[in-house]
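*Asks:* Below are the structure tokens for one structure; questions will follow.
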Amino acid sequence: MTSRSVLRVIVGAYLVLFFAYLFGPLIIMGITAFNTAPYPTVMPFEDFTLKWFDILFRDKDMMLGLQNSLKIGALVVAISVPCGLAGAMVMQQVYARARSFYYLVVVSPVLTPGVIIGISTVIFWKDFTGATGTGFLYDGIILAALGQSSFISAYCMLIFLSRLQRFDRALEEAGLDLGASNAQVFRHILIPYLRPAVLSAAVMAFLSSFENYNTTTFAILADKTLTTVLAGRVRQGSTPAISALAVTIIGVTVAGTVVYELLKRREDARKLREMRTAQEAEERELAVA
Amino acid sequence: MQAALGHPFVIALPFVVGVLFWLVALRERRRGLITGQTFFQRNGTAVGLFLIAAVAFWAVFMIVLPQLFMVEMSFRPKLPPSAIGGPRDLYTLQNYHYFLFGSPTSSAEWNFIHIKAFFLTILASILVTIGNFLLCYPLAFYMAQVANGARLRFLLLLLITPYWVNEILRAFAFRVIFSSGGLINKLLLAAGLLHEPIDFLGMDVGMYAGLSYAYLLLMVFPLYNAIENLPKAQIEAARDLGAPWWHIHVFIVMPFAKPGIASGCTLVFMLTSGALAAPLVLGGPRSLWFTPIVYDRFYQAFNWPQGSAYAFILLLTCIAFVLAVMRFGKLSLGEITR
């Protein structure tokens with residue numbers, strides 16, 4: 001055997017092991033969701049059942065938590081996408097001497113442990129709403145959304161920054177020269193250019209919010225989200241209903257990914273067709289002239 | 001010092017800093033050091049106001065003020081609500097004193113449990129970070145330099161998929177494997193290697209395995225992004241000149257990928273040391289991890305000032321780690337958080 005084929009074998013074995021480590025635990029957990037045994041186990045596999053899914057969907061706390069998680073996710077998208085966009089645009093224009101200081105401030109939540117963000121959010125809003133007489137804002141769902149948004153906005157900002165760096169400002173200037181107002185340029189040139197980034201930022205924000213635990217467990221106060229209910233359940237004891245939840249989440253996200261991929265392909269194909277049609281029309285015009 | 005003065009001071013601070021920067025900028029513009037459009041000329045009034053309002057809300061009310069309030073609270077004594085603002089509400093170091101020496105009534109010289117948990121957390125986080133790096137580097141290199149086209153897309157998809165499952169469920173999966181009635185014990189018992197199950201969770205094996213699993217992806221992607229930019233020709237040149245394979249990695253790829261390495265290590269260290277899910281789900285009753293202790297200060301002991309002090313200690317550690325990485329790798333913050 002040559003040294004090259006030895007290397008191939010080693011690389012192959014390493015890849016297999018790595019992905020076995022990555023998926024093994026999840027696959028085993030997935031199997032336990034379909035086993036009739038009352039605690040999550042693969043061996044012995046007693047009988048195939050779907051009853052754990054039934055138990056899961058009848059679980060009132062879980063469903064309430066799910067509703068709250070969806071609300072918080074929507075709020076987080078509504079807060080962090082605009083904040084991230086504004087943060088990225090200001091980053092490009094901010095007074096040069098303040099830039100590194102500004103960057104330090106807005107990027108610091110990415111490097112701060114989630115528990116600390118949750119703690120500090122609760123402490124601040126408790127005092128602030130108490131002192132300003134806006135006690136109705138001291139609410140688990142609002143606080144969880146605010147706490148999560150502080151670092152999710154930073155993720156969004158990083159997404160927008162990388163897209164803005166490729167933006168040609170000549171487009172803006174062209175719009176202004178043709179008599180558009182600043183607001184119109186923002187609305188009709190910049191936002192359409194940023195649309196893909198807005199979409200991916202929104203999806204990312206929702207998913208990060210949905211699965212967040214560290215920040216939420218502090219900021220949620222007496223309310224509950226899907227993850228905090230789940231954490232309580234897991235600590236009480238293991239039941240295959242939890243595995244059933246994992247299988248459901250994996251199923252939904254895989255389906256989502258597939259749909260997204262298909263939509264993207266169709267969109268790409270449509271764009272390609274439009275481009276071809278435009279090109280053909282232009283060629284015809286040239287031929288006539 | 002009276003603690004009642006703290007809040008107005010703290011709230012004013014970010015605004016004062018903002019105004020100071022604005023005044024300096026204004027002065028430089030008047031002297032002609034800054035030219036070009038002003039902020040509002042460039043963006044228009046409506047968009048400009050939106051930008052300022054959104055950034056101010058985010059930076060001041062969601063980032064800076066909560067952190068400052070937490071730090072301020074860590075220097076306060078624990079008082080019943082009626083005594084807050086009263087004569088006993090003075091700044092104090094007693095919460096930090098408690099971390100080091102325990103309660104004044106205890107006979108032990110140091111607060112061994114908390115100090116030990118703290119250092120164990122830091123040490124374990126560093127080990128997890130190093131372990132993750134060693135585990136992920138070959139994969140990142142393979143994806144960035146060897147794999148191409150369809151295979152690369154497939155690998156990326158495979159990597160991302162497990163991370164749609166949240167942290168708690170990922171920790172739970174490890175519990176299914178490591179618990180005393182779990183898969184590994186069942187297999188070992190069935191193979192006749194054991195006579196009674198081993199308590200892997202009590203030995204913290206499950207916790208460390210879960211912790212190193214939890215943030216694997218955050219190591220792979222920064223490494224991959226950094227190595228991807230390395231021109232293949234450089235590696236070929238080194239190979240042609242007869243460099244052994246490990247020379248290529250240590251002296252060419254790793255120095256080039258330094259920002260990615262630093263970024264991956266910082267993220268993994270921060271997330272691991274602040275992890276709450278894996279220790280809660282996989283830790284035994286005697287497991288020591290710092291974040292659950294912080295959690296208990298708040299929701300078991302109901303001592304918020306003390307919890308703030310503990311959280312601040314954790315935050316300082318993370319800042320120290322980031323600074324050490326920046327100093328050690330001669331990197332800027334922008335390179336780490338790309």
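Order determines the names: the first chain of the structure tokens is A, the second B, and so forth; residues in each chain are numbered 1 upward, and ligands are numbered 1 upward as they are shown.
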What are the DSSP helix (DSSP H, G or I) residues of stretch 121-273 of chain B, as number ranges by chain?
*Replies:* B: 121-146, 149-164, 167-178, 183-190, 205-214, 217-228, 232-240, 245-256, 258-273
*Asks:* Keeping only C-alpha atoms, write the selected residues to a file as a CSV table (one decimal), in the first residue's frame.
*Replies:*
chain,number,residue,atom,x,y,z
B,121,THR,CA,-14.7,25.2,35.5
B,122,ILE,CA,-11.9,27.3,34.1
B,123,LEU,CA,-9.6,24.4,33.8
B,124,ALA,CA,-12.2,22.1,32.3
B,125,SER,CA,-13.2,24.8,29.8
B,126,ILE,CA,-9.6,25.2,28.7
B,127,LEU,CA,-9.2,21.5,28.2
B,128,VAL,CA,-12.5,21.2,26.3
B,129,THR,CA,-11.4,24.1,24.1
B,130,ILE,CA,-8.1,22.4,23.3
B,131,GLY,CA,-9.8,19.1,22.8
B,132,ASN,CA,-12.4,20.6,20.4
B,133,PHE,CA,-9.6,22.3,18.5
B,134,LEU,CA,-7.7,19.0,18.0
B,135,LEU,CA,-10.9,17.3,17.0
B,136,CYS,CA,-12.1,19.9,14.6
B,137,TYR,CA,-8.8,21.1,12.9
B,138,PRO,CA,-8.4,18.0,10.6
B,139,LEU,CA,-12.1,18.3,9.6
B,140,ALA,CA,-11.8,22.0,8.9
B,141,PHE,CA,-8.6,21.5,6.9
B,142,TYR,CA,-10.2,18.7,4.9
B,143,MET,CA,-13.3,20.7,4.1
B,144,ALA,CA,-11.3,23.9,3.3
B,145,GLN,CA,-8.5,22.4,1.2
B,146,VAL,CA,-9.3,18.9,0.1
B,149,GLY,CA,-18.2,20.9,-4.7
B,150,ALA,CA,-21.0,18.5,-3.8
B,151,ARG,CA,-19.1,16.7,-1.1
B,152,LEU,CA,-18.3,20.0,0.6
B,153,ARG,CA,-22.0,21.1,0.5
B,154,PHE,CA,-23.0,17.7,1.9
B,155,LEU,CA,-20.5,17.9,4.8
B,156,LEU,CA,-21.6,21.5,5.7
B,157,LEU,CA,-25.2,20.3,5.7
B,158,LEU,CA,-24.3,17.3,7.9
B,159,LEU,CA,-22.5,19.6,10.3
B,160,ILE,CA,-25.3,22.1,10.7
B,161,THR,CA,-28.2,19.6,11.2
B,162,PRO,CA,-27.5,18.5,14.7
B,163,TYR,CA,-27.4,22.1,15.9
B,164,TRP,CA,-31.0,22.7,15.2
B,167,GLU,CA,-28.8,22.3,24.0
B,168,ILE,CA,-31.0,20.6,26.5
B,169,LEU,CA,-32.0,17.8,24.1
B,170,ARG,CA,-28.4,17.3,23.1
B,171,ALA,CA,-27.5,16.9,26.7
B,172,PHE,CA,-30.4,14.6,27.2
B,173,ALA,CA,-29.1,12.4,24.4
B,174,PHE,CA,-25.9,11.9,26.3
B,175,ARG,CA,-27.9,11.0,29.4
B,176,VAL,CA,-29.6,8.3,27.4
B,177,ILE,CA,-26.2,6.9,26.6
B,178,PHE,CA,-24.4,7.3,29.9
B,183,LEU,CA,-26.7,2.1,26.3
B,184,ILE,CA,-23.0,1.9,27.3
B,185,ASN,CA,-23.8,0.1,30.6
B,186,LYS,CA,-26.2,-2.2,28.8
B,187,LEU,CA,-23.6,-3.1,26.2
B,188,LEU,CA,-20.9,-3.7,28.7
B,189,LEU,CA,-23.2,-5.8,30.9
B,190,ALA,CA,-24.4,-7.8,27.9
B,205,VAL,CA,-17.9,11.5,32.3
B,206,GLY,CA,-21.3,12.3,30.8
B,207,MET,CA,-21.0,16.0,31.7
B,208,TYR,CA,-17.6,16.5,30.1
B,209,ALA,CA,-18.6,14.5,27.0
B,210,GLY,CA,-21.7,16.6,26.7
B,211,LEU,CA,-19.8,19.8,27.2
B,212,SER,CA,-17.3,19.0,24.5
B,213,TYR,CA,-20.1,17.9,22.1
B,214,ALA,CA,-22.2,21.0,22.7
B,217,LEU,CA,-19.7,23.5,15.5
B,218,LEU,CA,-18.5,26.9,16.8
B,219,MET,CA,-15.0,25.6,16.5
B,220,VAL,CA,-15.4,24.1,13.0
B,221,PHE,CA,-16.7,27.1,11.2
B,222,PRO,CA,-14.2,29.8,12.1
B,223,LEU,CA,-11.4,27.3,11.4
B,224,TYR,CA,-12.9,26.4,8.1
B,225,ASN,CA,-13.5,30.0,7.1
B,226,ALA,CA,-9.9,30.9,7.9
B,227,ILE,CA,-8.2,27.9,6.2
B,228,GLU,CA,-10.4,28.3,3.1
B,232,LYS,CA,-3.4,25.9,-2.2
B,233,ALA,CA,-0.2,27.0,-4.0
B,234,GLN,CA,1.4,27.8,-0.7
B,235,ILE,CA,0.9,24.3,0.6
B,236,GLU,CA,2.1,22.8,-2.7
B,237,ALA,CA,5.2,25.0,-2.6
B,238,ALA,CA,6.0,23.8,0.9
B,239,ARG,CA,5.5,20.2,-0.1
B,240,ASP,CA,7.7,20.6,-3.2
B,245,TRP,CA,3.3,17.2,6.7
B,246,TRP,CA,3.3,18.4,10.2
B,247,HIS,CA,5.6,21.3,9.2
B,248,ILE,CA,3.1,22.4,6.7
B,249,HIS,CA,0.4,22.5,9.4
B,250,VAL,CA,2.4,24.1,12.2
B,251,PHE,CA,4.3,26.6,10.2
B,252,ILE,CA,2.0,27.5,7.3
B,253,VAL,CA,-1.6,26.6,7.9
B,254,MET,CA,-1.9,27.4,11.6
B,255,PRO,CA,-0.2,30.8,11.4
B,256,PHE,CA,-2.3,31.7,8.5
B,258,LYS,CA,-4.6,32.3,13.5
B,259,PRO,CA,-7.6,34.6,13.5
B,260,GLY,CA,-10.0,31.7,13.0
B,261,ILE,CA,-8.3,29.6,15.6
B,262,ALA,CA,-8.5,32.5,18.1
B,263,SER,CA,-12.1,33.1,17.2
B,264,GLY,CA,-13.1,29.5,17.6
B,265,CYS,CA,-11.2,29.1,20.9
B,266,THR,CA,-12.7,32.2,22.4
B,267,LEU,CA,-16.3,31.2,21.5
B,268,VAL,CA,-15.9,27.7,22.7
B,269,PHE,CA,-14.2,28.8,26.0
B,270,MET,CA,-16.9,31.4,26.6
B,271,LEU,CA,-19.8,29.1,25.9
B,272,THR,CA,-18.3,26.2,27.8
B,273,SER,CA,-17.5,28.2,30.9
*Asks:* Here is a test: counting only C-alpha atoms, which residue of B:Pro279, B:Gly242, B:Gly181, B:Pro66 is nearest to chain A?
*Replies:*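 Answer, going by the shortest atom-to-atom distance: B:Pro66.
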*Asks:* Using only C-alpha atoms, which residues sit within 7 Å of A:Ala145 once same-chain residues fewer than 6 positions away are excluded, as a VMD selection string?
*Replies:* chain A and resid 72 75 to 76
*Asks:* Could you tell me how far atom CA of B:Asn111 sits from atom CA of B:Leu93, in Å to one decimal place?
*Replies:*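 If I compute the distance from atom CA of B:Leu93 to atom CA of B:Asn111, I get 15.4 Å.
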*Asks:* May I have the residues within 10 Å of A:Gly118 as a PyMOL selection string, using only C-alpha atoms and disregarding those fewer than 3 positions away in the same chain?
*Replies:* (chain A and resi 113-115+121-123+143-144+146-148+150+213-220) or (chain B and resi 66)
*Asks:* At what distance in Å, to one decimal, does atom CA of B:Pro80 lie from atom CA of B:Gln94?
*Replies:*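 Between atom CA of B:Gln94 and atom CA of B:Pro80 the gap works out to 16.3 Å.
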